[in-house]
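K.L.:
Enclosed is the structure file structure-v8.txt (compact mmCIF, C-alpha atoms and all ligand atoms).
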```txt
# COMPACT_ATOMS: atom_id res chain seq x y z
CA MET A 1 -57.49 -6.16 195.48
CA PRO A 2 -59.02 -8.63 193.06
CA THR A 3 -58.81 -7.57 189.47
CA ASP A 4 -62.07 -6.24 188.14
CA PRO A 5 -62.93 -8.45 185.14
CA LYS A 6 -64.65 -5.48 183.54
CA THR A 7 -61.51 -3.38 183.53
CA GLU A 8 -58.59 -5.75 183.92
CA PRO A 9 -57.49 -8.74 181.92
CA LEU A 10 -56.95 -12.21 183.30
CA ARG A 11 -53.29 -12.86 184.14
CA PHE A 12 -51.23 -15.91 183.21
CA ALA A 13 -48.45 -17.59 185.15
CA TYR A 14 -46.50 -20.79 184.75
CA TRP A 15 -44.78 -23.08 187.23
CA VAL A 16 -41.03 -22.80 186.81
CA PRO A 17 -39.62 -26.32 186.36
CA ASN A 18 -36.74 -25.69 188.79
CA VAL A 19 -36.97 -29.21 190.17
CA SER A 20 -36.16 -32.32 188.16
CA GLY A 21 -38.81 -34.70 186.84
CA GLY A 22 -41.28 -32.23 185.35
CA LEU A 23 -44.71 -31.31 186.66
CA VAL A 24 -46.21 -34.80 186.59
CA THR A 25 -44.97 -37.83 188.49
CA SER A 26 -45.03 -40.11 185.48
CA THR A 27 -42.60 -41.95 183.26
CA ILE A 28 -44.25 -40.46 180.14
CA GLU A 29 -41.74 -38.58 178.01
CA GLN A 30 -41.44 -34.99 179.30
CA ARG A 31 -39.36 -32.69 177.13
CA THR A 32 -38.81 -30.44 180.11
CA ASP A 33 -35.55 -29.76 181.84
CA TRP A 34 -34.79 -28.23 185.23
CA SER A 35 -31.48 -26.61 184.17
CA PHE A 36 -30.98 -22.88 184.19
CA GLU A 37 -30.28 -22.75 180.45
CA TYR A 38 -33.59 -24.44 179.70
CA ASN A 39 -35.43 -22.17 182.11
CA ARG A 40 -33.83 -19.01 180.84
CA LYS A 41 -35.08 -19.73 177.34
CA LEU A 42 -38.47 -20.75 178.69
CA ALA A 43 -38.90 -17.49 180.59
CA ARG A 44 -38.17 -15.52 177.45
CA ILE A 45 -40.61 -17.60 175.42
CA ALA A 46 -43.24 -17.09 178.12
CA GLU A 47 -42.97 -13.33 178.37
CA ARG A 48 -43.17 -13.01 174.61
CA GLY A 49 -46.23 -15.25 174.63
CA GLY A 50 -48.17 -13.07 177.06
CA PHE A 51 -47.39 -14.67 180.43
CA ASP A 52 -47.24 -12.16 183.28
CA TYR A 53 -45.71 -14.27 186.06
CA ALA A 54 -43.54 -17.32 186.67
CA LEU A 55 -43.77 -19.18 190.00
CA SER A 56 -40.70 -21.02 191.21
CA GLN A 57 -40.99 -23.92 193.62
CA VAL A 58 -39.21 -24.30 196.94
CA ARG A 59 -38.02 -27.81 197.71
CA TYR A 60 -34.92 -28.78 199.67
CA THR A 61 -34.94 -32.52 199.25
CA ALA A 62 -36.50 -35.09 196.95
CA SER A 63 -40.22 -35.75 196.90
CA TYR A 64 -42.65 -36.89 194.19
CA GLY A 65 -39.60 -38.02 192.22
CA ALA A 66 -38.04 -34.52 192.11
CA GLU A 67 -34.54 -35.78 192.81
CA TYR A 68 -32.78 -32.45 192.13
CA GLN A 69 -33.97 -28.98 193.09
CA HIS A 70 -32.64 -25.51 192.31
CA GLU A 71 -33.17 -23.03 195.13
CA SER A 72 -36.17 -20.79 194.57
CA THR A 73 -34.98 -17.27 195.40
CA SER A 74 -31.62 -17.42 193.61
CA PHE A 75 -33.19 -19.10 190.59
CA SER A 76 -35.93 -16.47 190.49
CA LEU A 77 -33.41 -13.65 190.59
CA ALA A 78 -31.39 -15.19 187.77
CA LEU A 79 -34.56 -15.43 185.67
CA LEU A 80 -35.50 -11.84 186.48
CA LEU A 81 -32.15 -10.70 185.19
CA ALA A 82 -32.60 -12.76 182.02
CA THR A 83 -36.03 -11.29 181.20
CA GLU A 84 -37.53 -7.89 180.58
CA ARG A 85 -41.11 -7.88 181.77
CA LEU A 86 -41.92 -11.22 183.39
CA LYS A 87 -42.54 -11.10 187.15
CA LEU A 88 -40.98 -13.86 189.22
CA ILE A 89 -42.70 -15.23 192.30
CA ALA A 90 -40.16 -16.78 194.66
CA ALA A 91 -41.46 -19.34 197.15
CA VAL A 92 -40.30 -19.34 200.77
CA HIS A 93 -41.18 -21.31 203.93
CA PRO A 94 -41.64 -19.48 207.23
CA GLY A 95 -39.64 -21.56 209.68
CA LEU A 96 -36.71 -21.82 207.30
CA TRP A 97 -36.41 -18.15 206.29
CA HIS A 98 -36.52 -15.27 208.74
CA PRO A 99 -38.97 -12.58 207.48
CA GLY A 100 -36.38 -9.81 207.87
CA VAL A 101 -33.89 -11.72 205.76
CA LEU A 102 -36.53 -12.31 203.09
CA ALA A 103 -37.61 -8.64 203.22
CA LYS A 104 -34.01 -7.64 202.59
CA TRP A 105 -33.54 -10.12 199.77
CA VAL A 106 -36.75 -8.92 198.11
CA ALA A 107 -35.75 -5.26 198.40
CA THR A 108 -32.47 -5.93 196.60
CA ALA A 109 -34.05 -8.21 193.99
CA ASP A 110 -36.74 -5.60 193.40
CA HIS A 111 -34.16 -2.89 192.68
CA LEU A 112 -32.18 -5.22 190.44
CA SER A 113 -35.29 -6.16 188.44
CA ASN A 114 -37.07 -2.83 188.36
CA GLY A 115 -39.95 -3.92 190.56
CA ARG A 116 -40.68 -7.37 189.18
CA VAL A 117 -40.26 -9.58 192.20
CA ALA A 118 -43.07 -11.21 194.22
CA VAL A 119 -43.15 -13.90 196.90
CA ASN A 120 -45.22 -17.00 197.55
CA ILE A 121 -45.33 -17.75 201.26
CA VAL A 122 -45.92 -21.47 201.70
CA SER A 123 -46.62 -22.99 205.09
CA GLY A 124 -45.30 -26.42 204.12
CA TRP A 125 -46.48 -30.03 204.13
CA PHE A 126 -43.21 -31.94 203.95
CA LYS A 127 -42.30 -32.93 207.50
CA ASP A 128 -39.21 -34.93 206.52
CA GLU A 129 -37.74 -31.86 204.87
CA PHE A 130 -37.87 -29.92 208.14
CA ARG A 131 -36.76 -32.97 210.14
CA GLN A 132 -33.74 -33.58 207.93
CA LEU A 133 -32.78 -29.91 208.11
CA GLY A 134 -33.05 -30.14 211.88
CA GLU A 135 -35.81 -27.55 212.23
CA PRO A 136 -38.92 -28.00 214.39
CA TRP A 137 -42.07 -29.14 212.59
CA LEU A 138 -45.21 -27.42 213.89
CA GLU A 139 -48.64 -28.97 213.58
CA HIS A 140 -50.89 -27.68 210.83
CA ASP A 141 -52.68 -24.71 212.39
CA GLU A 142 -49.58 -23.59 214.28
CA ARG A 143 -47.73 -23.44 210.96
CA TYR A 144 -50.42 -21.10 209.70
CA ARG A 145 -50.37 -18.99 212.86
CA ARG A 146 -46.66 -18.53 212.28
CA THR A 147 -47.33 -17.67 208.63
CA ALA A 148 -49.92 -15.06 209.68
CA GLU A 149 -47.23 -13.29 211.69
CA TYR A 150 -44.76 -13.70 208.85
CA LEU A 151 -47.07 -12.00 206.36
CA GLN A 152 -47.67 -9.05 208.70
CA ALA A 153 -43.98 -8.70 209.50
CA LEU A 154 -43.02 -8.68 205.82
CA VAL A 155 -45.31 -5.73 205.08
CA LYS A 156 -43.98 -3.84 208.08
CA TYR A 157 -40.38 -4.32 206.96
CA TRP A 158 -41.24 -3.14 203.47
CA THR A 159 -43.38 -0.14 204.32
CA GLU A 160 -42.51 1.24 207.77
CA ASP A 161 -39.62 3.04 209.39
CA ASP A 162 -38.75 2.09 212.96
CA ALA A 163 -40.97 -0.96 212.50
CA GLN A 164 -42.29 -2.73 215.56
CA PHE A 165 -43.84 -6.16 215.85
CA ALA A 166 -44.39 -8.37 218.85
CA GLY A 167 -45.55 -11.85 217.96
CA ASP A 168 -45.16 -15.34 219.36
CA PHE A 169 -42.87 -16.32 216.50
CA TYR A 170 -41.32 -13.06 215.28
CA ARG A 171 -40.32 -9.76 216.78
CA ILE A 172 -39.20 -6.47 215.20
CA ARG A 173 -37.69 -3.68 217.25
CA ASP A 174 -37.18 -0.21 215.72
CA PHE A 175 -36.03 -1.65 212.41
CA THR A 176 -35.77 0.43 209.25
CA LEU A 177 -35.11 -1.34 205.97
CA LYS A 178 -33.00 0.69 203.54
CA PRO A 179 -33.57 0.67 200.71
CA LYS A 180 -37.19 -0.30 200.75
CA PRO A 181 -38.50 -2.18 197.71
CA LEU A 182 -39.87 -0.08 194.87
CA SER A 183 -43.43 1.15 195.20
CA TRP A 184 -45.92 3.08 193.12
CA PRO A 185 -49.69 3.65 193.17
CA GLY A 186 -51.38 0.28 193.04
CA ARG A 187 -48.22 -1.48 194.21
CA PRO A 188 -47.42 -0.31 197.73
CA HIS A 189 -44.96 -3.18 198.13
CA PRO A 190 -44.03 -6.37 196.24
CA GLU A 191 -46.98 -8.68 195.82
CA ILE A 192 -47.53 -11.38 198.40
CA PHE A 193 -49.00 -14.67 197.23
CA GLN A 194 -49.87 -17.44 199.64
CA GLY A 195 -50.15 -21.15 198.79
CA GLY A 196 -52.47 -23.30 200.89
CA ASN A 197 -56.20 -24.03 200.86
CA SER A 198 -57.18 -25.15 204.35
CA ALA A 199 -59.43 -23.06 206.60
CA ALA A 200 -56.29 -21.61 208.19
CA ALA A 201 -54.85 -20.79 204.77
CA ARG A 202 -58.08 -19.09 203.72
CA PHE A 203 -58.01 -17.03 206.90
CA ASN A 204 -54.46 -15.87 206.12
CA GLY A 205 -55.34 -15.25 202.49
CA GLY A 206 -58.37 -13.17 203.40
CA HIS A 207 -56.57 -11.19 206.08
CA TYR A 208 -53.01 -10.69 204.93
CA SER A 209 -52.27 -11.66 201.31
CA ASP A 210 -52.50 -9.86 198.02
CA TRP A 211 -53.06 -13.13 196.22
CA TYR A 212 -54.48 -16.53 197.17
CA PHE A 213 -53.30 -19.56 195.22
CA SER A 214 -55.67 -22.48 194.84
CA ASN A 215 -54.74 -26.02 193.92
CA GLY A 216 -56.60 -27.42 190.92
CA LYS A 217 -60.38 -27.17 191.38
CA ASP A 218 -63.62 -27.47 189.44
CA PHE A 219 -66.14 -24.60 189.33
CA ASP A 220 -67.78 -25.51 192.64
CA GLY A 221 -64.44 -25.79 194.40
CA VAL A 222 -63.40 -22.34 193.21
CA THR A 223 -66.72 -20.81 194.22
CA GLU A 224 -66.52 -22.32 197.69
CA GLN A 225 -63.00 -20.95 198.25
CA LEU A 226 -63.96 -17.52 196.94
CA GLU A 227 -66.90 -17.33 199.34
CA ASP A 228 -64.65 -18.06 202.30
CA LEU A 229 -62.07 -15.52 201.15
CA LYS A 230 -64.73 -12.84 200.81
CA ALA A 231 -65.99 -13.53 204.33
CA HIS A 232 -62.48 -13.38 205.81
CA ALA A 233 -61.64 -10.19 203.95
CA ALA A 234 -64.86 -8.61 205.25
CA ASP A 235 -64.00 -9.68 208.80
CA ALA A 236 -60.58 -8.13 208.37
CA GLY A 237 -62.16 -4.88 207.20
CA ARG A 238 -60.66 -5.19 203.74
CA ALA A 239 -62.76 -3.70 200.95
CA THR A 240 -62.08 -6.64 198.67
CA PRO A 241 -60.78 -10.20 198.98
CA PRO A 242 -57.32 -11.11 197.72
CA ARG A 243 -56.89 -11.85 194.06
CA PHE A 244 -57.40 -15.49 193.16
CA GLY A 245 -54.87 -17.63 191.25
CA LEU A 246 -55.92 -21.11 190.11
CA ASN A 247 -53.56 -23.97 189.30
CA GLY A 248 -54.28 -26.12 186.26
CA PHE A 249 -52.26 -28.62 184.26
CA VAL A 250 -52.64 -27.60 180.63
CA ILE A 251 -52.84 -30.09 177.79
CA VAL A 252 -53.77 -28.37 174.55
CA ARG A 253 -53.73 -30.45 171.39
CA ASP A 254 -55.33 -30.16 167.92
CA THR A 255 -58.17 -32.46 168.90
CA GLU A 256 -59.92 -33.18 172.18
CA LYS A 257 -59.12 -36.86 171.73
CA GLU A 258 -55.39 -36.23 171.46
CA ALA A 259 -55.45 -34.11 174.60
CA LYS A 260 -57.42 -36.70 176.55
CA ASP A 261 -55.20 -39.50 175.30
CA THR A 262 -52.19 -37.58 176.60
CA LEU A 263 -53.81 -37.27 180.03
CA ARG A 264 -54.58 -41.01 180.01
CA GLU A 265 -50.98 -41.82 179.08
CA ILE A 266 -49.65 -39.59 181.89
CA VAL A 267 -51.81 -41.39 184.43
CA ASP A 268 -51.23 -44.88 183.00
CA LYS A 269 -47.49 -44.30 183.25
CA ALA A 270 -47.66 -42.81 186.75
CA HIS A 271 -44.63 -43.46 188.90
CA VAL A 272 -46.71 -45.42 191.41
CA GLU A 273 -44.21 -45.60 194.27
CA ALA A 274 -43.41 -41.86 194.06
CA VAL A 275 -47.09 -40.90 193.96
CA LYS A 276 -47.84 -43.13 196.95
CA GLY A 277 -44.90 -41.66 198.87
CA PHE A 278 -46.23 -38.20 198.12
CA ARG A 279 -49.73 -39.22 199.23
CA ASP A 280 -48.28 -40.33 202.57
CA ALA A 281 -46.31 -37.09 203.02
CA VAL A 282 -49.25 -34.77 202.31
CA GLN A 283 -51.24 -36.27 205.17
CA GLN A 284 -49.58 -33.38 207.07
CA ALA A 285 -51.54 -30.84 205.00
CA GLY A 286 -55.30 -30.67 204.33
CA PRO A 287 -55.97 -34.28 205.47
CA SER A 288 -54.67 -33.41 208.96
CA THR A 289 -57.29 -30.72 209.54
CA SER A 290 -60.64 -31.34 211.24
CA ASP A 291 -62.82 -29.94 208.43
CA LYS A 292 -60.71 -31.52 205.65
CA LYS A 293 -60.90 -28.41 203.50
CA GLY A 294 -57.21 -28.19 202.70
CA MET A 295 -55.12 -29.38 199.83
CA TRP A 296 -55.09 -33.06 198.97
CA ALA A 297 -57.80 -33.84 201.56
CA ASP A 298 -59.93 -35.54 198.90
CA SER A 299 -57.41 -36.15 196.11
CA SER A 300 -57.54 -39.45 194.24
CA PHE A 301 -54.43 -41.30 193.09
CA GLU A 302 -54.98 -39.87 189.61
CA ASP A 303 -55.24 -36.32 190.96
CA LEU A 304 -51.90 -36.69 192.75
CA VAL A 305 -50.02 -37.64 189.59
CA GLN A 306 -49.99 -33.86 189.06
CA TYR A 307 -48.93 -32.97 192.55
CA ASN A 308 -50.99 -29.79 192.77
CA ASP A 309 -54.27 -31.42 191.66
CA GLY A 310 -53.84 -29.75 188.29
CA PHE A 311 -55.98 -32.19 186.31
CA ARG A 312 -59.04 -31.18 188.30
CA THR A 313 -59.15 -27.78 186.59
CA GLN A 314 -59.62 -29.63 183.27
CA LEU A 315 -57.67 -27.32 181.03
CA ILE A 316 -57.47 -30.22 178.61
CA GLY A 317 -58.72 -30.07 175.01
CA THR A 318 -58.44 -27.93 171.90
CA PRO A 319 -57.32 -24.28 172.13
CA GLU A 320 -60.96 -23.16 171.87
CA GLN A 321 -62.18 -25.55 174.57
CA VAL A 322 -59.43 -24.57 176.98
CA ALA A 323 -59.95 -20.85 176.33
CA GLU A 324 -63.69 -21.20 176.95
CA ARG A 325 -63.14 -23.01 180.21
CA ILE A 326 -60.66 -20.35 181.32
CA ILE A 327 -63.28 -17.68 180.61
CA ALA A 328 -65.83 -19.60 182.68
CA TYR A 329 -63.39 -19.51 185.61
CA ARG A 330 -62.80 -15.82 184.97
CA LYS A 331 -66.51 -15.16 185.27
CA LEU A 332 -66.50 -16.88 188.67
CA GLY A 333 -63.79 -14.54 189.91
CA VAL A 334 -60.47 -16.20 189.03
CA ASP A 335 -57.83 -13.52 188.38
CA LEU A 336 -54.91 -15.65 187.27
CA ILE A 337 -54.34 -19.06 185.70
CA LEU A 338 -51.20 -20.84 186.88
CA GLY A 339 -50.29 -23.43 184.27
CA GLY A 340 -48.16 -26.54 184.40
CA PHE A 341 -47.08 -28.16 181.10
CA LEU A 342 -45.67 -31.43 179.82
CA HIS A 343 -43.14 -30.21 177.24
CA TYR A 344 -42.50 -26.72 178.53
CA HIS A 345 -40.80 -24.94 175.62
CA GLU A 346 -43.23 -26.22 173.03
CA ASP A 347 -46.37 -26.13 175.14
CA VAL A 348 -45.83 -22.67 176.64
CA GLU A 349 -45.09 -21.24 173.23
CA ALA A 350 -48.21 -22.89 171.78
CA PHE A 351 -50.33 -21.65 174.69
CA GLY A 352 -49.21 -18.08 174.05
CA ARG A 353 -49.82 -18.42 170.35
CA ASP A 354 -53.04 -20.44 170.27
CA VAL A 355 -54.90 -20.02 173.57
CA ILE A 356 -54.19 -16.58 175.05
CA PRO A 357 -55.39 -14.73 171.92
CA ILE A 358 -58.71 -16.61 172.05
CA VAL A 359 -59.05 -15.79 175.76
CA ARG A 360 -58.53 -12.13 174.92
CA GLU A 361 -61.21 -12.24 172.22
CA LEU A 362 -63.63 -14.00 174.54
CA GLU A 363 -62.98 -11.45 177.28
CA VAL A 364 -64.15 -8.71 174.96
CA GLU A 365 -67.11 -10.75 173.67
CA ASN A 366 -68.21 -11.43 177.24
CA GLY A 367 -67.98 -7.83 178.33
CA LEU A 368 -64.78 -8.53 180.25
CA ASP A 369 -62.79 -5.61 178.97
CA ALA A 370 -59.37 -6.76 177.87
CA SER A 371 -58.34 -3.39 176.49
CA ALA A 372 -55.74 -3.06 179.23
CA VAL A 373 -53.88 -6.08 177.86
CA PRO A 374 -50.51 -4.96 176.66
CA ASP A 375 -49.21 -6.27 173.39
CA PRO A 376 -47.09 -9.15 174.72
CA GLN A 377 -44.16 -8.09 172.56
CA ALA A 378 -44.38 -4.33 173.21
CA GLY A 379 -41.36 -2.88 174.91
CA LEU A 380 -39.32 -6.06 174.57
CA SER A 381 -36.11 -6.12 172.59
CA ASP A 382 -36.88 -6.23 168.90
CA LYS A 383 -35.39 -9.51 168.02
CA ASP A 384 -34.31 -12.50 169.96
CA PRO A 385 -32.32 -14.63 167.52
CA GLU A 386 -32.11 -17.42 170.04
CA LEU A 387 -35.87 -17.70 170.28
CA THR A 388 -36.39 -17.39 166.56
CA ALA A 389 -34.03 -20.33 166.19
CA ALA A 390 -35.79 -22.25 168.97
CA ALA A 391 -39.17 -21.79 167.34
CA ALA A 392 -37.90 -22.84 163.90
C1 LIG A 401 -49.79 -22.65 194.00
C2 LIG A 401 -49.15 -23.31 195.17
C3 LIG A 401 -47.77 -23.38 195.23
C4 LIG A 401 -47.13 -24.03 196.28
N1 LIG A 401 -45.77 -24.11 196.26
C5 LIG A 401 -45.13 -24.80 197.23
C6 LIG A 401 -43.72 -24.94 197.20
O1 LIG A 401 -43.05 -24.46 196.29
N2 LIG A 401 -43.14 -25.64 198.20
C7 LIG A 401 -43.86 -26.21 199.23
O2 LIG A 401 -43.29 -26.82 200.11
N3 LIG A 401 -45.20 -26.08 199.27
C8 LIG A 401 -45.84 -25.40 198.31
N4 LIG A 401 -47.21 -25.28 198.35
C9 LIG A 401 -47.95 -26.00 199.42
C10 LIG A 401 -48.10 -25.23 200.72
O3 LIG A 401 -46.88 -25.20 201.37
C11 LIG A 401 -49.04 -25.95 201.70
O4 LIG A 401 -48.37 -26.97 202.33
C12 LIG A 401 -50.14 -26.62 201.02
O5 LIG A 401 -50.79 -25.64 200.32
C13 LIG A 401 -51.11 -27.32 201.98
O6 LIG A 401 -51.76 -26.38 202.67
P1 LIG A 401 -53.21 -26.57 203.27
O7 LIG A 401 -53.10 -27.65 204.29
O8 LIG A 401 -53.47 -25.23 203.85
O9 LIG A 401 -54.15 -26.86 202.17
C14 LIG A 401 -47.89 -24.60 197.33
C15 LIG A 401 -49.28 -24.50 197.29
C16 LIG A 401 -49.92 -23.87 196.23
C17 LIG A 401 -51.41 -23.80 196.20
```
Written as structure tokens, how would this file's structure read?

P.N.:
Amino acid sequence: MPTDPKTEPLRFAYWVPNVSGGLVTSTIEQRTDWSFEYNRKLARIAERGGFDYALSQVRYTASYGAEYQHESTSFSLALLLATERLKLIAAVHPGLWHPGVLAKWVATADHLSNGRVAVNIVSGWFKDEFRQLGEPWLEHDERYRRTAEYLQALVKYWTEDDAQFAGDFYRIRDFTLKPKPLSWPGRPHPEIFQGGNSAAARFNGGHYSDWYFSNGKDFDGVTEQLEDLKAHAADAGRATPPRFGLNGFVIVRDTEKEAKDTLREIVDKAHVEAVKGFRDAVQQAGPSTSDKKGMWADSSFEDLVQYNDGFRTQLIGTPEQVAERIIAYRKLGVDLILGGFLHYHEDVEAFGRDVIPIVRELEVENGLDASAVPDPQAGLSDKDPELTAAAA
């Protein structure tokens, strides 16, 4: 169900930098590291700053300059065990992970983390990755047909005894998962996100996902995707469309000029060969569809320097400007902002300190009731000497 802006606050997530090279394909200095130690501290900074979720990336081999990659599910579990409230969204490709194996992994991770695990099911764009791993590469809409079965199978594993499923790609015969993941009212099973924006992805989002993730978009782009999701959810007989998460690369500085200068420097120092290589690889995604609605179908070179079109969301400016733009997206129906950052420790901490509080004030001012927002620090261990030292 989408969050009701009148009764529920906007949620915040960040991209876990579990691949090397940061979130922009640029030679600009990025004080971001892909190591576990760096990420452990980052996750703790983020949950104290009011972030609800962290999304890890799945990548098996280098692309867009990301030479090294930590595996998504194991990294997510390690971060869950290092945090107290943050939810970790682990990304998985159908075609490389069997849904029953993922269902089992999630059930265990959910028990270990007290119900804080979620998954992002990504249909994939990187043909060479599958080719090098020796797995078949399906054409675009077949990938999504397989994902549709995957999403249905996952829910069956998590919620049914003697589960049955007969699909073209997956079958379940009298299977009972024990233990099941944790569940409670409002959370019948771990949350399912899906990444992908094509017509096929929208169909799957509207029919089978709890959350739909959008690449970076302006207001019109968000509205257009929301309309499609509503129509699909209605077709599927769902009372409401999935919740909507929007990617945006965040550059918050004291002045608008500083923020814009940083964006210019990122783009001027783009790693041209890596961005071009990425542009070639993503021809397998949105550009390969007939209606060209999917991701990267109309991305410029500049857009691709942040490989999820994050500049298009324009979360670039002073804390007030960025907070106001976030509220404008909230009014359109965005339920979650997924942020990427240049210097993760510093920028995530500053976002929690300088931007989220303004968003909360504006929610109240705009009749978007933020009273359900928990105090970001409530319930967390009193002191974290490591973070106090990091902030000093
Ligand atoms: C928020 C978000 C996160 C994604 N994360 C990954 C990822 O970690 N690994 C990956 O291979 N693809 C990822 N994708 C891309 C999807 O696999 C898919 O290829 C892409 O969305 C293109 O789909 P489309 O043709 O339906 O637009 C992600 C997409 C979104 C929107």

K.L.:
Write out as a PyMOL selection string each polymer residue whose atoms come within 9 Å of Glu320 (chain A), counting all atoms listed in the file; drop sequence neighbours fewer than 6 positions from it.

P.N.:
chain A and resi 354-355+358-359

K.L.:
Find the residue from A:Val24, A:Ala231, A:Ala13, A:Val119 that sits nearest to His271 (chain A); use all atoms listed in the file when measuring.

P.N.:
A:Val24

K.L.:
Could you give me, as a count of residues only, the residues within 12 Å of Met295 (chain A), counting all atoms listed in the file and dropping anything in the same chain fewer than 5 positions from it?

P.N.:
36

K.L.:
Within 7 Å of region 159-164 of chain A, counting only C-alpha atoms, which residues show up once you throw out same-chain ones fewer than 6 positions away? Write them as a VMD selection string, please.

P.N.:
chain A and resid 172 to 176

K.L.:
Excluding region 338-353 of chain A and its own-chain neighbours fewer than 3 positions away, which residues fall within 6 Å of it when counting all atoms listed in the file? Please give them as JSON, numbers by chain.

P.N.:
{"A": [13, 14, 15, 30, 31, 32, 42, 49, 50, 246, 247, 248, 249, 250, 356]}

K.L.:
Measuring between all atoms listed in the file, which one of A:Trp158, A:Phe219, A:Phe51, A:Tyr329 shows the shortest distance to Ala107 (chain A)?

P.N.:
A:Trp158

K.L.:
In Å to one decimal, how far is CA of Ala297 (chain A) from CA of Arg238 (chain A)?

P.N.:
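Between these atoms lies a distance of 28.9 Å.
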
K.L.:
How many Å separate CA of Ile192 (chain A) from CA of Ala91 (chain A)?

P.N.:
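Value for the CA of Ile192 (chain A)-CA of Ala91 (chain A) distance: 10.1 Å.
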
K.L.:
Under the rule that only C-alpha atoms and all ligand atoms are counted, which of A:Gln152, A:Gln132, A:Ser209, A:Asn18 is the nearest residue to ligand LIG 401 (chain A)?

P.N.:
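Checking each candidate against ligand LIG 401 (chain A), we get A:Asn18 as the closest.
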
K.L.:
Go ahead and compute the interatomic distance for CA of Leu10 (chain A) and CA of Thr313 (chain A), in Å to one decimal.

P.N.:
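These atoms are spaced 16.1 Å apart.
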
K.L.:
Between A:Gly65, A:Pro181, A:Pro9, A:Gly245, which is the closest to Ser26 (chain A) once you count all atoms listed in the file?

P.N.:
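Among the listed residues, the smallest separation from Ser26 (chain A) belongs to A:Gly65.
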
K.L.:
Given the choices A:Gly277, A:Pro241, A:Gly95, A:Gly115, which gets closest to ligand LIG 401 (chain A) if the distance is worked out from all atoms listed in the file?

P.N.:
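That would be A:Gly95, the residue with the smallest distance to ligand LIG 401 (chain A).
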
K.L.:
Rank nothing, just name the residue among A:Thr318, A:Thr255, A:Ser56, A:Thr223 nearest to ligand LIG 401 (chain A), using all atoms listed in the file.

P.N.:
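The closest residue to ligand LIG 401 (chain A) is A:Ser56.
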